[in-house]
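Asks: Contents of target39.cif (mmCIF, C-alpha atoms) are given next:
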data_query
loop_
_atom_site.label_atom_id
_atom_site.label_comp_id
_atom_site.auth_asym_id
_atom_site.auth_seq_id
_atom_site.Cartn_x
_atom_site.Cartn_y
_atom_site.Cartn_z
CA MET F 4 86.29 140.57 66.29
CA ALA F 5 89.57 140.78 68.23
CA ILE F 6 87.92 139.05 71.21
CA ASP F 7 86.70 136.20 68.99
CA ASP F 8 90.20 135.80 67.52
CA LEU F 9 91.65 135.73 71.02
CA LYS F 10 89.20 132.99 72.11
CA GLU F 11 90.01 130.95 69.01
CA ASP F 12 93.75 131.33 69.61
CA LYS F 13 93.28 130.24 73.23
CA LYS F 14 91.22 127.22 72.15
CA THR F 15 93.87 126.23 69.57
CA ALA F 16 96.62 126.63 72.16
CA THR F 17 94.72 124.40 74.61
CA VAL F 18 94.29 121.63 72.00
CA THR F 19 97.97 121.90 71.08
CA ASP F 20 99.00 121.71 74.74
CA ASP F 21 96.82 118.61 75.24
CA LYS F 22 98.47 116.93 72.24
CA LYS F 23 101.92 117.86 73.51
CA GLU F 24 101.05 116.51 76.96
CA ASN F 25 99.78 113.20 75.57
CA LYS F 26 102.74 112.85 73.21
CA GLY F 27 105.15 113.69 76.01
CA ARG F 28 103.62 111.15 78.38
CA VAL F 29 103.73 108.43 75.71
CA ALA F 30 107.37 109.28 74.94
CA ASP F 31 108.23 109.09 78.64
CA TYR F 32 106.40 105.79 78.93
CA LEU F 33 108.37 104.29 76.02
CA GLN F 34 111.68 104.97 77.75
CA ALA F 35 113.27 102.72 80.35
CA PRO F 36 111.97 103.41 83.90
CA ARG F 37 114.03 105.93 85.84
CA LYS F 38 115.68 104.57 88.96
CA LYS F 39 115.46 107.05 91.82
CA ARG F 40 115.77 104.77 94.84
CA LYS F 41 118.88 103.00 96.04
CA SER F 42 119.36 99.74 94.13
CA TYR F 43 120.14 96.44 95.84
CA VAL F 44 121.49 93.04 94.92
CA VAL F 45 119.98 90.65 97.46
CA ALA F 46 122.16 87.57 98.05
CA ALA F 47 120.25 84.82 99.89
CA LEU F 48 123.01 82.26 100.42
CA GLY F 49 123.20 78.97 102.25
CA PRO F 50 125.53 78.00 105.11
CA GLY F 51 129.28 78.03 104.58
CA THR F 52 129.23 80.66 101.82
CA THR F 53 130.93 83.57 103.61
CA HIS F 54 133.70 83.60 101.02
CA LEU F 55 131.15 83.80 98.20
CA TYR F 56 129.29 86.71 99.78
CA SER F 57 132.58 88.57 100.33
CA GLY F 58 133.53 87.92 96.70
CA ILE F 59 130.18 89.21 95.38
CA GLU F 60 130.42 92.28 97.62
CA ALA F 61 133.94 93.08 96.37
CA PHE F 62 132.87 92.48 92.77
CA LEU F 63 129.94 94.90 93.07
CA ARG F 64 132.09 97.51 94.81
CA SER F 65 134.56 97.47 91.92
CA GLN F 66 132.22 96.99 88.96
CA PHE F 67 128.81 98.41 89.96
CA LYS F 68 129.32 101.24 92.42
CA ASN F 69 125.68 102.32 92.24
CA ALA F 70 124.48 98.93 93.53
CA SER F 71 124.44 97.93 97.20
CA ILE F 72 124.26 94.39 98.56
CA ALA F 73 122.03 92.88 101.23
CA GLN F 74 122.28 89.39 102.76
CA PRO F 75 119.11 88.06 104.39
CA LYS F 76 119.69 85.30 106.94
CA SER F 77 116.15 83.92 106.96
CA ILE F 78 112.95 83.77 104.92
CA GLU F 79 111.54 86.60 107.03
CA GLU F 80 114.49 88.84 106.21
CA LEU F 81 114.22 87.90 102.53
CA VAL F 82 110.59 89.06 102.52
CA LYS F 83 111.56 92.37 104.16
CA ASN F 84 114.21 92.98 101.49
CA PHE F 85 111.56 92.99 98.77
CA SER F 86 110.39 96.38 100.05
CA ARG F 87 113.65 97.74 98.60
CA GLN F 88 114.53 98.52 94.99
CA VAL F 89 115.85 95.03 94.17
CA ILE F 90 117.64 94.84 90.82
CA LEU F 91 118.91 91.26 91.20
CA LEU F 92 118.19 88.35 93.55
CA VAL F 93 121.00 85.82 93.93
CA LEU F 94 119.38 82.76 95.49
CA ASP F 95 121.24 79.69 96.69
CA ASP F 96 118.88 76.73 96.54
CA GLU F 97 120.38 75.61 99.87
CA PHE F 98 119.36 78.90 101.54
CA THR F 99 116.45 77.05 103.13
CA ASP F 100 113.80 74.56 101.97
CA LEU F 101 113.83 74.93 98.17
CA GLU F 102 110.13 74.50 97.42
CA ALA F 103 109.04 76.81 100.25
CA THR F 104 111.54 79.46 99.15
CA LEU F 105 110.36 79.29 95.52
CA GLN F 106 106.74 79.68 96.65
CA ILE F 107 107.60 82.81 98.62
CA VAL F 108 109.70 84.27 95.81
CA ALA F 109 106.83 83.65 93.35
CA GLU F 110 104.39 85.44 95.65
CA LEU F 111 106.74 88.38 96.14
CA LYS F 112 107.32 88.67 92.38
CA ARG F 113 103.58 88.69 91.77
CA LYS F 114 103.09 91.47 94.30
CA LYS F 115 105.79 93.53 92.55
CA SER F 116 104.53 92.75 89.06
CA ASN F 117 105.27 96.31 87.90
CA GLN F 118 108.98 95.74 88.58
CA VAL F 119 111.07 93.03 86.97
CA ILE F 120 113.22 91.29 89.61
CA PRO F 121 115.60 88.90 87.83
CA THR F 122 116.84 85.95 89.87
CA LEU F 123 120.12 84.10 89.52
CA PHE F 124 119.83 80.66 91.11
CA LEU F 125 122.93 78.94 92.48
CA THR F 126 122.51 75.18 92.56
CA ARG F 127 124.45 71.97 92.91
CA GLN F 128 121.43 69.97 91.74
CA PRO F 129 120.29 71.56 88.47
CA GLN F 130 117.65 68.97 87.61
CA ARG F 131 116.00 69.31 91.02
CA LEU F 132 115.97 73.11 90.68
CA VAL F 133 114.55 73.09 87.14
CA THR F 134 111.80 70.61 88.11
CA ASN F 135 110.67 72.71 91.08
CA TYR F 136 111.09 75.95 89.15
CA HIS F 137 108.75 74.76 86.40
CA LYS F 138 106.09 73.86 88.96
CA ILE F 139 106.20 77.20 90.80
CA LEU F 140 107.98 79.98 88.90
CA SER F 141 107.65 79.17 85.21
CA SER F 142 105.75 82.39 84.44
CA PHE F 143 108.84 84.39 85.47
CA GLN F 144 111.39 82.47 83.41
CA GLU F 145 112.01 85.38 81.01
CA SER F 146 114.01 87.18 83.71
CA ASP F 147 115.66 84.28 85.58
CA ASP F 148 118.80 82.21 85.13
CA TYR F 149 120.81 79.58 87.00
CA ILE F 150 124.33 78.27 87.31
CA ASP F 151 125.59 74.90 88.50
CA TRP F 152 128.08 76.28 90.97
CA GLY F 153 129.22 72.86 92.04
CA ARG F 154 131.14 72.83 88.76
CA ALA F 155 131.55 76.55 88.07
CA GLU F 156 134.39 78.84 89.08
CA ILE F 157 133.51 81.91 91.11
CA THR F 158 134.38 84.01 88.05
CA HIS F 159 131.50 82.33 86.21
CA ILE F 160 129.13 83.49 88.94
CA PHE F 161 130.48 87.02 88.63
CA SER F 162 129.95 86.84 84.87
CA LYS F 163 126.28 85.85 85.34
CA ILE F 164 125.80 88.68 87.85
CA ARG F 165 127.40 91.12 85.43
CA ASN F 166 125.12 90.01 82.61
CA GLY F 167 122.02 90.39 84.79
CA LEU F 168 122.98 93.84 86.03
CA ASN F 169 124.05 95.07 82.61
CA GLN F 170 120.63 94.15 81.28
CA GLN F 171 118.98 96.05 84.12
CA PHE F 172 121.12 99.19 83.86
CA ALA F 173 121.46 99.30 80.09
CA ARG F 174 117.90 98.53 79.03
CA LYS F 175 117.17 101.01 76.25
CA SER F 176 113.40 101.09 76.42
CA ARG F 177 110.40 99.94 78.39
CA ARG F 178 108.83 96.63 77.44
CA PHE F 179 105.08 96.14 77.05
CA LYS F 180 103.08 92.95 77.41
CA VAL F 181 101.62 91.79 74.10
CA ASP F 182 100.49 88.56 72.47
CA ILE F 183 101.27 88.78 68.76
CA PRO F 184 101.56 85.71 66.51
CA ILE F 185 104.47 86.01 64.08
CA ARG F 186 106.40 83.95 61.59
CA PHE F 187 110.16 84.03 61.31
CA GLN F 188 113.09 82.52 59.45
CA LEU F 189 116.50 81.62 60.78
CA ILE F 190 119.47 82.72 58.73
CA SER F 191 121.01 79.29 59.41
CA ASP F 192 118.21 77.17 57.89
CA ASP F 193 115.92 79.56 55.94
CA GLN F 194 112.84 77.56 57.01
CA THR F 195 109.60 79.23 58.11
CA HIS F 196 108.83 78.95 61.83
CA TYR F 197 105.98 80.29 63.94
CA GLY F 198 105.97 81.84 67.38
CA ARG F 199 104.51 84.63 69.51
CA LEU F 200 105.83 87.94 70.78
CA ILE F 201 105.17 88.02 74.52
CA ASP F 202 106.49 91.50 75.11
CA LEU F 203 107.68 94.29 72.86
CA SER F 204 109.73 97.49 72.94
CA ILE F 205 111.07 99.88 70.31
CA HIS F 206 114.41 98.03 70.43
CA GLY F 207 113.47 94.36 70.76
CA ALA F 208 111.04 91.70 71.91
CA LEU F 209 110.57 88.51 73.89
CA LEU F 210 109.87 85.64 71.48
CA LYS F 211 108.21 82.35 72.41
CA THR F 212 108.94 79.53 70.00
CA GLY F 213 107.40 76.08 69.80
CA ASN F 214 108.58 73.20 72.01
CA SER F 215 110.39 71.63 69.05
CA LEU F 216 112.59 74.65 68.35
CA ILE F 217 115.27 75.89 70.75
CA LEU F 218 117.25 78.91 69.60
CA ARG F 219 120.86 79.68 70.48
CA ASN F 220 122.49 82.88 71.66
CA SER F 221 123.63 85.15 68.79
CA GLU F 222 121.40 83.33 66.27
CA GLN F 223 120.09 85.69 63.58
CA LEU F 224 116.55 85.68 62.26
CA LYS F 225 114.11 87.57 60.05
CA MET F 226 110.73 88.32 61.68
CA TYR F 227 107.40 89.11 60.04
CA ILE F 228 105.28 91.05 62.54
CA PRO F 229 101.64 91.81 61.58
CA THR F 230 100.92 95.55 61.69
CA MET F 231 97.23 95.08 62.66
CA GLY F 232 96.31 98.46 61.18
CA LEU F 233 98.39 100.31 63.79
CA ILE F 234 100.61 102.20 61.32
CA PRO F 235 98.49 104.71 59.36
CA GLY F 236 99.66 105.13 55.79
CA TYR F 237 101.74 101.93 55.83
CA THR F 238 100.19 99.55 53.31
CA GLU F 239 102.26 96.44 54.00
CA GLU F 240 100.66 93.68 56.09
CA PHE F 241 103.87 92.93 58.00
CA LEU F 242 106.90 94.68 59.43
CA ARG F 243 109.94 92.79 58.17
CA ILE F 244 112.58 93.08 60.87
CA SER F 245 116.01 91.47 61.27
CA GLY F 246 116.77 90.28 64.79
CA LYS F 247 119.49 88.68 66.89
CA VAL F 248 119.01 86.34 69.86
CA ARG F 249 120.55 88.01 72.89
CA ARG F 250 119.44 85.59 75.60
CA VAL F 251 117.79 82.16 75.82
CA PHE F 252 115.83 81.52 79.01
CA ILE F 253 115.73 78.49 81.28
CA THR F 254 113.13 76.49 79.34
CA GLY F 255 114.77 77.13 75.97
CA ILE F 256 111.53 78.17 74.23
CA TYR F 257 111.72 81.84 75.27
CA CYS F 258 114.40 84.18 74.00
CA GLY F 259 115.15 87.88 74.05
CA VAL F 260 115.64 89.30 70.56
CA SER F 261 117.12 92.69 69.67
CA PHE F 262 116.10 94.48 66.48
CA GLU F 263 119.09 94.85 64.17
CA TYR F 264 120.03 96.88 61.08
CA LEU F 265 116.92 99.09 61.17
CA SER F 266 116.87 101.95 58.69
CA ASP F 267 115.70 105.33 59.98
CA ASN F 268 112.36 104.77 58.26
CA MET F 269 111.91 101.29 59.74
CA GLN F 270 112.81 102.55 63.22
CA LEU F 271 110.12 105.21 62.78
CA LEU F 272 107.58 102.56 61.75
CA VAL F 273 108.48 100.36 64.75
CA THR F 274 108.21 103.34 67.11
CA THR F 275 104.80 104.24 65.65
CA PHE F 276 103.64 100.63 66.00
CA VAL F 277 104.73 100.37 69.65
CA THR F 278 103.40 103.87 70.44
CA ASN F 279 99.94 102.96 69.19
CA ILE F 280 99.95 99.78 71.27
CA VAL F 281 100.81 101.99 74.26
CA MET F 282 98.09 104.50 73.36
CA LYS F 283 95.56 101.70 73.72
CA GLN F 284 96.94 100.74 77.14
CA LEU F 285 97.69 104.08 78.81
CA PRO F 286 95.02 105.67 81.05
CA ILE F 287 95.54 109.12 79.48
CA LYS F 288 93.49 111.65 77.55
CA GLY F 289 93.20 110.48 73.96
CA ARG F 290 93.47 106.79 74.89
CA GLY F 291 92.44 104.53 72.03
CA LYS F 292 93.37 107.04 69.32
CA ILE F 293 95.96 106.26 66.67
CA LEU F 294 99.08 108.31 66.05
CA GLY F 295 100.57 108.68 62.60
CA PRO F 296 104.35 108.38 61.95
CA ASN F 297 104.76 112.13 62.52
CA GLY F 298 102.94 112.11 65.86
CA GLN F 299 99.63 113.45 64.53
CA ILE F 300 96.34 111.93 65.73
CA VAL F 301 94.52 110.23 62.86
#
Using structure tokens, write down the structure that the file contains.

Replies:
Amino acid sequence: MAIDDLKEDKKTATVTDDKKENKGRVADYLQAPRKKRKSYVVAALGPGTTHLYSGIEAFLRSQFKNASIAQPKSIEELVKNFSRQVILLVLDDEFTDLEATLQIVAELKRKKSNQVIPTLFLTRQPQRLVTNYHKILSSFQESDDYIDWGRAEITHIFSKIRNGLNQQFARKSRRFKVDIPIRFQLISDDQTHYGRLIDLSIHGALLKTGNSLILRNSEQLKMYIPTMGLIPGYTEEFLRISGKVRRVFITGIYCGVSFEYLSDNMQLLVTTFVTNIVMKQLPIKGRGKILGPNGQIV
């Protein structure tokens, strides 16, 4: 009898350990990726920009001591730099032939698809840049930005660099690719609009709106996100979440939205929702199962 009890206890302990392992791996996966390698800002600048490079280097040294800077002198050197942990690419559109450079950057970004490499473009011809960008790099617009530095002060460039790096270093949670149709209302007009969530985390989302609607930074909205049966015990068809536009991307129809004013219960529901999306994506034991709000498999 004692031997049977011991076997049963061992079996129970094994099941419990498996659940803990799965739950732990999902929890780790929800968090922002840990950076272990040395991080680089790669500044690919055109001729006659020595002063700008020196300014960026001094700015990083004073504001972001954990970031190093590299300056490729050619396309070949730019390609080699992508083997590093690149956290920001500053690209002057006069670095070399614009279209050829964009093609290479697009290929390098595709090869490193598991790592977001935001790009800040410096241009004196914004319309030319945007036209070529849309032809070659439009799928990466969620992470890229540009500045007309023919009109901007160097402090404006530093501000853009700061914004890009702050987003990289301060990201609260990992984002996951999704395609979820939603409806939302703007606080400013109270009309119903429709869009899609392109990626999602436990703290925010990337929203794609229609071509006729361009949102502004700091705009507030109310989102209705379908639960799709991924929150056991929750009977409502939608999660009703307040959001704030934190960034509008180059095309104007994509924007980063943070979740705001979440109660403890709503944060738990959002975490359960995202966790169960992850459970369907992760190649781990128990994949495809659904977790309840308390972490139990249902």

Asks: Which of these residues is nearest to Val260 in chain F, using all atoms listed in the file: F:Ile280, F:Pro229, F:Ser204, F:Phe67?

Replies: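 The answer is F:Ser204, which sits nearest to Val260 in chain F.
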
Asks: Taking (129.5, 87.2, 94.3) in the coordinates of the supplied file, I want to know which residues reach to within 10 Å of it, counting all atoms listed in the file; could you give the answer as a PyMOL selection string?

Replies: chain F and resi 44+46+52+54-63+72+93+157-165

Asks: Just checking: using all atoms listed in the file, which residue out of F:Gln223, F:Gln106, F:Thr53, F:Asn268 ends up closest to Lys138 in chain F?

Replies: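 So, comparing all the options, the nearest one is F:Gln106.
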
Asks: May I have the residues within 7 Å of Leu200 in chain F as a short mmCIF file (atom, residue, chain, number, x, y, z; two decimals) with C-alpha atoms, in the coordinates of the input, using all atoms listed in the file and disregarding those fewer than 5 positions away in the same chain?

Replies:
data_model
loop_
_atom_site.label_atom_id
_atom_site.label_comp_id
_atom_site.auth_asym_id
_atom_site.auth_seq_id
_atom_site.Cartn_x
_atom_site.Cartn_y
_atom_site.Cartn_z
CA VAL F 181 101.62 91.79 74.10
CA ASP F 182 100.49 88.56 72.47
CA ILE F 183 101.27 88.78 68.76
CA PRO F 184 101.56 85.71 66.51
CA ALA F 208 111.04 91.70 71.91
CA LEU F 209 110.57 88.51 73.89
CA LEU F 210 109.87 85.64 71.48
CA LYS F 211 108.21 82.35 72.41
#

Asks: Considering all atoms listed in the file, state which residue in the set F:Pro121, F:Pro50, F:Gly167, F:Gly246 is at the smallest distance from Gln188 in chain F.

Replies: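 Nearest candidate to Gln188 in chain F out of F:Pro121, F:Pro50, F:Gly167, F:Gly246: F:Gly246.
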